[in-house]
Every structure is written in C-alpha cells, then in structure tokens.
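So this block is target-v5.cif, mmCIF, C-alpha atoms:
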data_query
loop_
_atom_site.label_atom_id
_atom_site.label_comp_id
_atom_site.auth_asym_id
_atom_site.auth_seq_id
_atom_site.Cartn_x
_atom_site.Cartn_y
_atom_site.Cartn_z
CA MET A 27 -49.29 67.79 -11.77
CA ASN A 28 -45.62 68.58 -11.29
CA ILE A 29 -42.66 66.25 -11.33
CA ALA A 30 -42.41 65.87 -7.54
CA GLN A 31 -45.95 64.55 -7.43
CA ILE A 32 -45.28 62.06 -10.23
CA LEU A 33 -42.15 60.90 -8.42
CA PHE A 34 -44.12 60.57 -5.20
CA TYR A 35 -46.72 58.33 -6.81
CA LEU A 36 -44.00 56.29 -8.51
CA MET A 37 -42.07 55.81 -5.26
CA SER A 38 -45.14 54.91 -3.22
CA PHE A 39 -46.26 52.49 -5.93
CA ILE A 40 -42.85 50.78 -5.89
CA THR A 41 -42.82 50.67 -2.09
CA LEU A 42 -46.32 49.28 -1.68
CA THR A 43 -46.17 46.69 -4.47
CA SER A 44 -42.82 45.36 -3.28
CA ALA A 45 -44.11 45.25 0.30
CA ILE A 46 -47.15 43.26 -0.87
CA PHE A 47 -44.81 40.96 -2.77
CA VAL A 48 -42.71 40.49 0.36
CA ALA A 49 -45.82 39.56 2.30
CA SER A 50 -47.32 37.24 -0.27
CA THR A 51 -44.50 35.33 -1.96
CA LYS A 52 -43.79 31.71 -1.11
CA ASN A 53 -40.07 31.97 -1.85
CA LEU A 54 -38.49 33.17 1.37
CA VAL A 55 -35.10 34.28 0.03
CA ARG A 56 -36.77 36.22 -2.75
CA SER A 57 -38.97 37.98 -0.20
CA VAL A 58 -35.86 39.15 1.67
CA PHE A 59 -34.37 40.50 -1.55
CA MET A 60 -37.66 42.23 -2.39
CA PHE A 61 -37.48 43.91 1.01
CA PHE A 62 -34.41 45.77 -0.38
CA ILE A 63 -36.67 47.41 -2.95
CA THR A 64 -39.18 48.42 -0.28
CA LEU A 65 -36.47 50.10 1.78
CA LEU A 66 -35.00 51.92 -1.22
CA GLY A 67 -38.45 53.17 -2.20
CA LEU A 68 -38.93 54.41 1.35
CA ALA A 69 -35.62 56.28 1.11
CA GLY A 70 -37.00 57.97 -2.00
CA LEU A 71 -40.12 58.96 -0.09
CA TYR A 72 -37.94 60.49 2.64
CA VAL A 73 -36.13 62.56 0.02
CA LEU A 74 -39.49 63.77 -1.31
CA SER A 75 -40.38 64.77 2.24
CA LEU A 76 -37.22 66.96 2.27
CA ALA A 77 -35.29 64.77 4.71
CA ASP A 78 -32.17 63.87 2.74
CA PHE A 79 -30.02 62.96 5.73
CA VAL A 80 -32.59 60.48 7.00
CA ALA A 81 -32.77 58.97 3.51
CA ILE A 82 -29.01 58.46 3.38
CA THR A 83 -29.06 56.95 6.88
CA GLN A 84 -31.85 54.64 5.79
CA VAL A 85 -29.80 53.42 2.83
CA VAL A 86 -26.63 52.97 4.88
CA ILE A 87 -28.09 51.33 7.99
CA TYR A 88 -31.10 49.44 6.68
CA VAL A 89 -29.95 48.34 3.26
CA GLY A 90 -26.29 47.98 4.19
CA GLY A 91 -26.62 46.62 7.70
CA ILE A 92 -29.94 45.12 8.67
CA LEU A 93 -30.66 43.33 5.41
CA VAL A 94 -27.24 41.72 5.26
CA LEU A 95 -27.78 40.60 8.84
CA ILE A 96 -31.18 39.11 7.98
CA LEU A 97 -29.78 37.30 4.94
CA PHE A 98 -26.95 35.99 7.08
CA ALA A 99 -29.36 34.56 9.65
CA PHE A 100 -31.44 33.14 6.84
CA MET A 101 -28.56 31.21 5.39
CA LEU A 102 -27.47 29.97 8.83
CA SER A 103 -30.85 28.64 9.88
CA GLY A 104 -30.77 25.47 7.81
CA LYS A 105 -32.41 24.67 4.52
CA GLU A 106 -34.56 21.75 5.73
CA THR A 107 -36.58 23.88 8.11
CA LEU A 108 -37.28 26.43 5.44
CA ASP A 109 -38.51 23.73 3.09
CA ALA A 110 -40.57 22.11 5.82
CA ILE A 111 -42.19 25.43 6.65
CA GLN A 112 -42.97 26.06 3.01
CA LYS A 113 -44.61 22.65 2.55
CA GLN A 114 -46.70 22.89 5.65
CA LYS A 115 -47.80 26.38 4.62
CA ASN A 116 -49.72 25.11 1.61
CA GLN A 117 -51.99 22.82 3.60
CA PHE A 118 -53.73 24.52 6.42
CA ILE A 119 -52.71 28.13 6.40
CA SER A 120 -55.50 29.34 4.11
CA ALA A 121 -58.09 29.85 6.86
CA ASN A 122 -55.50 31.56 9.01
CA LYS A 123 -54.41 33.71 6.08
CA ALA A 124 -57.96 34.84 5.28
CA ALA A 125 -58.43 35.88 8.90
CA SER A 126 -55.22 37.89 8.90
CA VAL A 127 -56.12 39.57 5.59
CA ILE A 128 -59.44 40.59 7.09
CA LEU A 129 -57.69 41.90 10.20
CA ALA A 130 -55.20 43.93 8.17
CA VAL A 131 -57.86 45.38 5.84
CA LEU A 132 -60.12 46.34 8.73
CA PHE A 133 -57.23 48.03 10.52
CA PHE A 134 -56.37 49.85 7.30
CA VAL A 135 -59.95 51.11 7.00
CA VAL A 136 -59.84 52.36 10.59
CA LEU A 137 -56.53 54.16 9.97
CA ILE A 138 -57.80 55.77 6.74
CA LEU A 139 -61.01 56.94 8.42
CA MET A 140 -58.96 58.42 11.24
CA ILE A 141 -56.57 60.18 8.83
CA PHE A 142 -59.45 61.84 6.98
CA LYS A 143 -61.20 62.73 10.21
CA VAL A 144 -58.14 64.43 11.67
CA ASP A 145 -57.72 66.51 8.50
CA VAL A 146 -53.96 66.71 8.82
CA ASN A 147 -53.35 69.59 6.45
CA ASN A 148 -55.32 71.95 8.67
CA LEU A 149 -53.93 71.02 12.07
CA VAL A 150 -53.39 74.05 14.30
CA TRP A 151 -49.66 73.59 14.86
CA ILE A 152 -48.99 72.97 11.18
CA LYS A 153 -50.85 76.15 10.25
CA LYS A 154 -48.84 77.98 12.88
CA ALA A 155 -45.54 76.54 11.60
CA ILE A 156 -46.33 77.65 8.06
CA GLY A 157 -47.40 81.05 9.37
CA GLN A 158 -44.15 81.46 11.30
CA ASN A 159 -42.23 80.40 8.21
CA SER A 160 -40.63 77.47 10.04
CA ASP A 161 -41.39 74.68 7.60
CA ILE A 162 -38.52 73.22 5.62
CA LYS A 163 -38.02 74.99 2.30
CA LEU A 164 -36.81 73.36 -0.88
CA ASN A 165 -33.44 75.12 -0.70
CA SER A 166 -32.79 74.93 3.04
CA ASN A 167 -29.72 72.92 4.02
CA MET A 168 -30.85 70.55 6.76
CA THR A 169 -27.73 68.48 7.38
CA ASP A 170 -25.78 71.21 9.21
CA ASN A 171 -28.82 71.95 11.31
CA ILE A 172 -29.21 68.27 12.22
CA GLY A 173 -25.56 68.09 13.28
CA ILE A 174 -25.81 71.16 15.48
CA ASN A 175 -29.08 70.01 17.03
CA LEU A 176 -27.64 66.55 17.70
CA MET A 177 -24.85 68.04 19.80
CA THR A 178 -26.97 70.62 21.64
CA ARG A 179 -30.69 70.06 21.92
CA TYR A 180 -30.75 66.27 21.56
CA LEU A 181 -27.53 65.42 23.38
CA LEU A 182 -29.24 63.34 26.09
CA PRO A 183 -31.13 61.02 23.70
CA PHE A 184 -27.96 60.75 21.64
CA GLU A 185 -25.94 59.55 24.63
CA ALA A 186 -28.74 57.24 25.77
CA ILE A 187 -28.89 55.63 22.36
CA SER A 188 -25.12 55.19 22.24
CA ILE A 189 -25.20 53.30 25.54
CA LEU A 190 -28.12 51.23 24.29
CA LEU A 191 -26.21 50.37 21.12
CA MET A 192 -23.27 49.20 23.16
CA MET A 193 -25.56 47.07 25.35
CA ALA A 194 -27.14 45.55 22.24
CA LEU A 195 -23.70 44.78 20.80
CA VAL A 196 -22.55 43.06 23.98
CA GLY A 197 -25.85 41.22 24.33
CA ALA A 198 -25.84 39.96 20.75
CA ALA A 199 -22.25 38.76 21.08
CA HIS A 200 -23.09 37.03 24.35
CA LEU A 201 -26.20 35.35 22.94
CA SER A 202 -24.59 34.01 19.82
CA ARG A 203 -21.42 32.54 21.31
CA LYS A 204 -20.94 28.80 21.43
CA GLU A 205 -22.35 27.15 24.50
CA GLN A 206 -19.92 25.45 26.82
CA ARG A 207 -20.74 21.97 28.03
CA GLN A 208 -20.68 21.74 31.79
CA MET B 26 -47.95 69.76 -4.14
CA ILE B 27 -47.72 66.54 -2.11
CA THR B 28 -50.08 66.81 0.84
CA MET B 29 -49.65 65.24 4.26
CA ASN B 30 -52.57 62.90 3.61
CA ASP B 31 -50.65 61.11 0.86
CA PHE B 32 -47.74 60.32 3.16
CA LEU B 33 -50.07 59.17 5.92
CA ILE B 34 -52.01 56.88 3.59
CA VAL B 35 -48.83 55.24 2.27
CA SER B 36 -47.64 54.81 5.83
CA ALA B 37 -50.95 53.30 6.93
CA ALA B 38 -50.83 50.81 4.06
CA LEU B 39 -47.26 49.81 4.95
CA PHE B 40 -48.25 49.37 8.58
CA CYS B 41 -51.13 47.09 7.63
CA ILE B 42 -48.93 44.96 5.38
CA GLY B 43 -46.54 44.61 8.31
CA LEU B 44 -49.43 43.66 10.57
CA PHE B 45 -50.53 41.03 8.06
CA MET B 46 -47.03 39.51 7.99
CA LEU B 47 -46.85 39.57 11.77
CA VAL B 48 -50.10 37.63 12.16
CA SER B 49 -49.94 35.17 9.29
CA LYS B 50 -46.30 34.07 8.93
CA ARG B 51 -44.88 30.97 10.57
CA ASN B 52 -41.22 31.86 10.29
CA ALA B 53 -39.50 34.02 12.87
CA ILE B 54 -37.41 35.85 10.28
CA GLN B 55 -40.46 36.81 8.24
CA ILE B 56 -42.17 38.04 11.39
CA LEU B 57 -39.07 40.17 11.99
CA ILE B 58 -39.40 41.60 8.49
CA GLY B 59 -43.04 42.43 9.27
CA ILE B 60 -41.92 44.30 12.38
CA GLU B 61 -39.36 46.20 10.28
CA LEU B 62 -42.14 47.21 7.88
CA MET B 63 -44.24 48.55 10.74
CA LEU B 64 -41.23 50.45 12.12
CA ASN B 65 -40.61 51.95 8.70
CA ALA B 66 -44.22 53.10 8.50
CA ALA B 67 -43.76 54.90 11.82
CA ILE B 68 -40.50 56.47 10.61
CA LEU B 69 -42.23 57.68 7.46
CA ASN B 70 -44.80 59.45 9.62
CA LEU B 71 -42.08 61.03 11.75
CA VAL B 72 -40.27 62.31 8.67
CA ALA B 73 -43.44 63.59 7.04
CA PHE B 74 -44.41 65.62 10.11
CA GLY B 75 -40.80 66.70 10.60
CA LYS B 76 -41.18 68.80 7.47
CA PHE B 77 -42.87 71.49 9.55
CA ASP B 78 -40.06 71.90 12.06
CA ARG B 79 -37.08 73.60 10.49
CA PHE B 80 -35.28 74.80 13.62
CA ALA B 81 -35.62 72.02 16.18
CA ASN B 82 -35.74 69.12 13.66
CA GLY B 83 -37.66 66.93 16.10
CA GLY B 84 -39.17 64.60 13.54
CA GLN B 85 -36.04 63.90 11.53
CA MET B 86 -33.92 63.50 14.64
CA PHE B 87 -36.18 60.91 16.19
CA ALA B 88 -36.49 59.18 12.84
CA LEU B 89 -32.70 58.76 12.98
CA PHE B 90 -32.91 57.44 16.53
CA ALA B 91 -35.65 55.01 15.49
CA ILE B 92 -33.50 53.70 12.62
CA VAL B 93 -30.60 53.09 15.00
CA LEU B 94 -32.93 51.39 17.48
CA ALA B 95 -34.23 49.15 14.70
CA ALA B 96 -30.67 48.11 13.90
CA ALA B 97 -30.01 47.19 17.55
CA THR B 98 -33.31 45.30 17.77
CA THR B 99 -32.54 43.30 14.65
CA ALA B 100 -29.09 42.31 15.83
CA VAL B 101 -30.40 41.01 19.16
CA ALA B 102 -33.44 39.34 17.60
CA LEU B 103 -31.32 37.50 15.04
CA ALA B 104 -28.96 36.29 17.75
CA ILE B 105 -31.98 34.97 19.66
CA ILE B 106 -33.39 33.32 16.51
CA LEU B 107 -30.08 31.57 15.83
CA ASN B 108 -30.01 30.31 19.42
CA VAL B 109 -33.57 29.03 19.13
CA TYR B 110 -32.71 27.27 15.90
CA ARG B 111 -29.70 25.63 17.51
CA ARG B 112 -31.82 24.30 20.35
CA TYR B 113 -35.13 23.39 18.70
CA LYS B 114 -34.05 22.86 15.05
CA THR B 115 -36.98 25.00 13.94
CA ILE B 116 -37.78 28.72 13.83
CA ASP B 117 -41.55 28.40 13.84
CA PRO B 118 -42.71 30.48 16.83
CA ALA B 119 -45.73 28.20 17.33
CA LYS B 120 -43.45 25.25 18.02
CA VAL B 121 -41.13 26.99 20.44
CA ASP B 122 -43.19 26.50 23.57
CA LYS B 123 -40.91 25.18 26.31
CA LEU B 124 -39.42 27.34 29.00
CA ARG B 125 -36.66 24.90 29.84
CA ASP B 126 -35.39 21.71 28.14
#
Re-express the file's structure as structure tokens.
Amino acid sequence: MNIAQILFYLMSFITLTSAIFVASTKNLVRSVFMFFITLLGLAGLYVLSLADFVAITQVVIYVGGILVLILFAFMLSGKETLDAIQKQKNQFISANKAASVILAVLFFVVLILMIFKVDVNNLVWIKKAIGQNSDIKLNSNMTDNIGINLMTRYLLPFEAISILLMMALVGAAHLSRKEQRQ
Amino acid sequence: MITMNDFLIVSAALFCIGLFMLVSKRNAIQILIGIELMLNAAILNLVAFGKFDRFANGGQMFALFAIVLAAATTAVALAIILNVYRRYKTIDPAKVDKLRD
C-alpha cells in the first residue's frame, strides 16, 4: 500500500463524509460551509488522478466563485423563511426522507453493479491506450498540452462556451435587476 | 496503484448523495447544492477516464468546460431564486406553483 493509495482513501473519505454531512445536517449555513470541504476533497482526488490543472480550476471557480455566490444568495433570501423551513422539516418530512434514502441507496446499488459488470480496468480502449503508451505518466507536464489543445483541437467548444458565459452574465444581470412599476 | 473502480465508486456515491438531496430537500438553494454534487460526480468520472488520453486531453478539457458551465448555471439559478423569493417570500419549490400572479 503506497502513499498515493493512502491519500486516495483519505481524500475520498473526507469527500464522502462531508457530502453526507451536507445532505443530512439541519443547519443550512453550516451545510453550505461543509460543501467547501467536499469541493476541496474533490480537488485532491483530481490531483491524484493526474489532472492538476482541473484541480486548480476547481479550487478557483467552485470554491472561489460558486460558493461565495451561494452564500450570498443564502444571506439575501431572508432569515424567517429559513427558520420556517427548518421548523416544518421536523414534522412531516420523515416519510418523505425514508423514501428518498431508499431511492438513493437503490440507485447506488444499480450503479455499483454496473461498474463491476463493465470491468473498467479491462476495457478495450483503455488497454489500447496503455499499449500505445498514451496514458498520462507521473512526470508528464499536462498544462502546456491543455493550453495547446484548447487553442487548436477544442477551439470550437471554447468559443461556444465563451458565448454561453456572456449570455449567462447578461441573463443573470437582467433577472436580478429591480423591477420597474408600470 | 489506484484503480479506475475506486474513482467510479466514489463518484457513484457522490451522485447518489446528490440525488438524495435533490429529492428530499425543501429549499431551492439546497436542491442547487445537490445538483452541484451530481455535476461534480460527473466531472470526477471525466477526469478519471481522461487519465488514459495524454495527447488529445479529451476528458480533462471537457471537465474544464463542465466546471465553467456549472458556474454559469449557478449564477442564473441564483438570480432566479432571488426573484422567486422577492415575489413569493419563500424558496420552497413545492409552494411556487403559480404561472402568473
């Protein structure tokens, strides 16, 4: 058992326990803060999967951007509603919650069965990639390669996503402006 | 050696936690967090399979695109949630059931 494996189990343990905490806690603000931990653990898992650039992007965009946005909306959407939701949760959610736990567990069992049936480590294209020596090595520098590919092979998706980002920006600004009274 | 199965199992567990949040929560922001968890599970799969593609980088590249898309989705969704709160004074999706006024 080498150190990468130990780190992998540590990271996945952190990720999964904090995700379960996010899903189960009654305190809503605390669940948002716990979501930070989940995202950081996921960034660690990306590093262990030899994708350092994606991990950095995850930290910058998710932890720096999305979470602050979520917290912001949380604070803006009034304290009374949050309290009301919390109170009402205790009374009649339990039946609903049991049903959703059963749904999630059953779906998990289906996914696990499928993963073991597919036998991912012996897929044909993965065998071929290892045979052709085109899997990412521990010392290969991926960031340059990602930059070059972004400007050549994936230029069209890159442009499409830039236009979509601009549309989302304009749309969000339009939606959240103050309404004029006619 | 970390095998592919480990990554896929972690990702499946994350996806199911997200599914649980999506079904059981009564707060639009928590449902949004559930959707983010499911998206992250998908991105973890993309990155894990992207390990076997050193030259084209398909998996990592589309993981990046998915992260950017998630950011755009969240911004628009939060703007919508704030609007709904302003109009209905609640963000429980079960209570937001009128098309107009």
**Request:** Given the file shown, enumerate the residues that the PyMOL selection byres ((chain B and resi 81-91) around 10) captures and present them as JSON, numbers by chain.
**Result:** {"A": [72, 76, 77, 78, 79, 80, 81, 83, 84, 160, 161, 162, 168, 171, 172, 173, 174, 175, 176, 179, 180, 183, 184, 187, 188], "B": [64, 65, 67, 68, 69, 70, 71, 72, 73, 74, 75, 76, 77, 78, 79, 80, 92, 93, 94, 95, 96, 97]}
Those same residues, written as a PDB file, keeping the file's coordinate frame with C-alpha atoms?
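Saved file part-v1.pdb follows:
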ATOM      1  CA  TYR A  72     -37.940  60.490   2.640  1.00  0.00           C
ATOM      2  CA  LEU A  76     -37.220  66.960   2.270  1.00  0.00           C
ATOM      3  CA  ALA A  77     -35.290  64.770   4.710  1.00  0.00           C
ATOM      4  CA  ASP A  78     -32.170  63.870   2.740  1.00  0.00           C
ATOM      5  CA  PHE A  79     -30.020  62.960   5.730  1.00  0.00           C
ATOM      6  CA  VAL A  80     -32.590  60.480   7.000  1.00  0.00           C
ATOM      7  CA  ALA A  81     -32.770  58.970   3.510  1.00  0.00           C
ATOM      8  CA  THR A  83     -29.060  56.950   6.880  1.00  0.00           C
ATOM      9  CA  GLN A  84     -31.850  54.640   5.790  1.00  0.00           C
ATOM     10  CA  SER A 160     -40.630  77.470  10.040  1.00  0.00           C
ATOM     11  CA  ASP A 161     -41.390  74.680   7.600  1.00  0.00           C
ATOM     12  CA  ILE A 162     -38.520  73.220   5.620  1.00  0.00           C
ATOM     13  CA  MET A 168     -30.850  70.550   6.760  1.00  0.00           C
ATOM     14  CA  ASN A 171     -28.820  71.950  11.310  1.00  0.00           C
ATOM     15  CA  ILE A 172     -29.210  68.270  12.220  1.00  0.00           C
ATOM     16  CA  GLY A 173     -25.560  68.090  13.280  1.00  0.00           C
ATOM     17  CA  ILE A 174     -25.810  71.160  15.480  1.00  0.00           C
ATOM     18  CA  ASN A 175     -29.080  70.010  17.030  1.00  0.00           C
ATOM     19  CA  LEU A 176     -27.640  66.550  17.700  1.00  0.00           C
ATOM     20  CA  ARG A 179     -30.690  70.060  21.920  1.00  0.00           C
ATOM     21  CA  TYR A 180     -30.750  66.270  21.560  1.00  0.00           C
ATOM     22  CA  PRO A 183     -31.130  61.020  23.700  1.00  0.00           C
ATOM     23  CA  PHE A 184     -27.960  60.750  21.640  1.00  0.00           C
ATOM     24  CA  ILE A 187     -28.890  55.630  22.360  1.00  0.00           C
ATOM     25  CA  SER A 188     -25.120  55.190  22.240  1.00  0.00           C
TER      26      SER A 188
ATOM     27  CA  LEU B  64     -41.230  50.450  12.120  1.00  0.00           C
ATOM     28  CA  ASN B  65     -40.610  51.950   8.700  1.00  0.00           C
ATOM     29  CA  ALA B  67     -43.760  54.900  11.820  1.00  0.00           C
ATOM     30  CA  ILE B  68     -40.500  56.470  10.610  1.00  0.00           C
ATOM     31  CA  LEU B  69     -42.230  57.680   7.460  1.00  0.00           C
ATOM     32  CA  ASN B  70     -44.800  59.450   9.620  1.00  0.00           C
ATOM     33  CA  LEU B  71     -42.080  61.030  11.750  1.00  0.00           C
ATOM     34  CA  VAL B  72     -40.270  62.310   8.670  1.00  0.00           C
ATOM     35  CA  ALA B  73     -43.440  63.590   7.040  1.00  0.00           C
ATOM     36  CA  PHE B  74     -44.410  65.620  10.110  1.00  0.00           C
ATOM     37  CA  GLY B  75     -40.800  66.700  10.600  1.00  0.00           C
ATOM     38  CA  LYS B  76     -41.180  68.800   7.470  1.00  0.00           C
ATOM     39  CA  PHE B  77     -42.870  71.490   9.550  1.00  0.00           C
ATOM     40  CA  ASP B  78     -40.060  71.900  12.060  1.00  0.00           C
ATOM     41  CA  ARG B  79     -37.080  73.600  10.490  1.00  0.00           C
ATOM     42  CA  PHE B  80     -35.280  74.800  13.620  1.00  0.00           C
ATOM     43  CA  ILE B  92     -33.500  53.700  12.620  1.00  0.00           C
ATOM     44  CA  VAL B  93     -30.600  53.090  15.000  1.00  0.00           C
ATOM     45  CA  LEU B  94     -32.930  51.390  17.480  1.00  0.00           C
ATOM     46  CA  ALA B  95     -34.230  49.150  14.700  1.00  0.00           C
ATOM     47  CA  ALA B  96     -30.670  48.110  13.900  1.00  0.00           C
ATOM     48  CA  ALA B  97     -30.010  47.190  17.550  1.00  0.00           C
TER      49      ALA B  97
END
**Asked** Evaluating the PyMOL selection byres ((chain A and resi 95-103) around 9) on the displayed file yields which residues, as a VMD selection string?
**Response** (chain A and resid 54 to 55 58 to 59 90 to 94 104 to 108) or (chain B and resid 54 57 to 58 99 to 100 103 to 104 106 to 107 110 to 111 114 to 116)
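For the atom pair formed by CA of Ala49 (chain A) and CA of Val109 (chain B), the distance is 23.3 Å, given to one decimal.
You can rank B:Val48, B:Ile56, B:Val121, B:Met63 by their closest distance to chain A using only C-alpha atoms, and at the top of that list sits B:Val48.
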**Request:** Could you give me, as a list in words, the residues that have an atom at most 12 Å away from the point (-41.5, 41.1, -5.3) in the coordinates of the file, using only C-alpha atoms?
**Result:**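 Residues close enough to count: Ile40, Thr41, Leu42, Thr43, Ser44, Ala45, Ile46, Phe47, Val48, Ala49, Ser50, Thr51, Lys52, Asn53, Leu54, Val55, Arg56, Ser57, Val58, Phe59, Met60, Phe61, Phe62, Ile63 and Thr64 of chain A.
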**Nearby residues (all atoms listed in the file) at most 12 Å from Ser126 (chain A), same-chain spacing under 5 positions excluded, as a ChimeraX atom specification** = /A:49,119-121,131-133 /B:41-50
**Request:** Identify which of the residues A:Val146, A:Ile29, A:Leu129, A:Leu65 lies closest to Phe32 (chain B), counting all atoms listed in the file when measuring atom-to-atom distances.
**Result:**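 Nearest candidate to Phe32 (chain B) out of A:Val146, A:Ile29, A:Leu129, A:Leu65: A:Val146.
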**Prompt:** How many Å lie between CA of Ile32 (chain A) and CA of Asn167 (chain A), rounded to one decimal?
**Reply:**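 Calculated distance between CA of Ile32 (chain A) and CA of Asn167 (chain A) is 23.7 Å.
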**Minimum-distance residue to chain B, chosen among A:Val85, A:Met27, A:Lys154, A:Ala198 (using only C-alpha atoms)** =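 Nearest candidate to chain B out of A:Val85, A:Met27, A:Lys154, A:Ala198: A:Ala198.
Atom pair CA of Ala37 (chain B) / CA of Lys153 (chain A) has a distance of 23.1 Å (rounded to one decimal).
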**Prompt:** Taking all atoms listed in the file into account, which of A:Thr169, A:Gln158, A:Asn148, A:Ser202 comes nearest chain B?
**Reply:** A:Ser202
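When all atoms listed in the file are used to measure the gap to chain B, the shortest distance among A:Val89, A:Ala186, A:Val127, A:Val196 belongs to A:Val127.
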**Request:** Give the answer as one residue: which of A:Val150, A:Met37, A:Val135, A:Leu201 has the shortest atom-to-atom distance to chain B, using only C-alpha atoms?
**Result:**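 The closest residue to chain B is A:Leu201.
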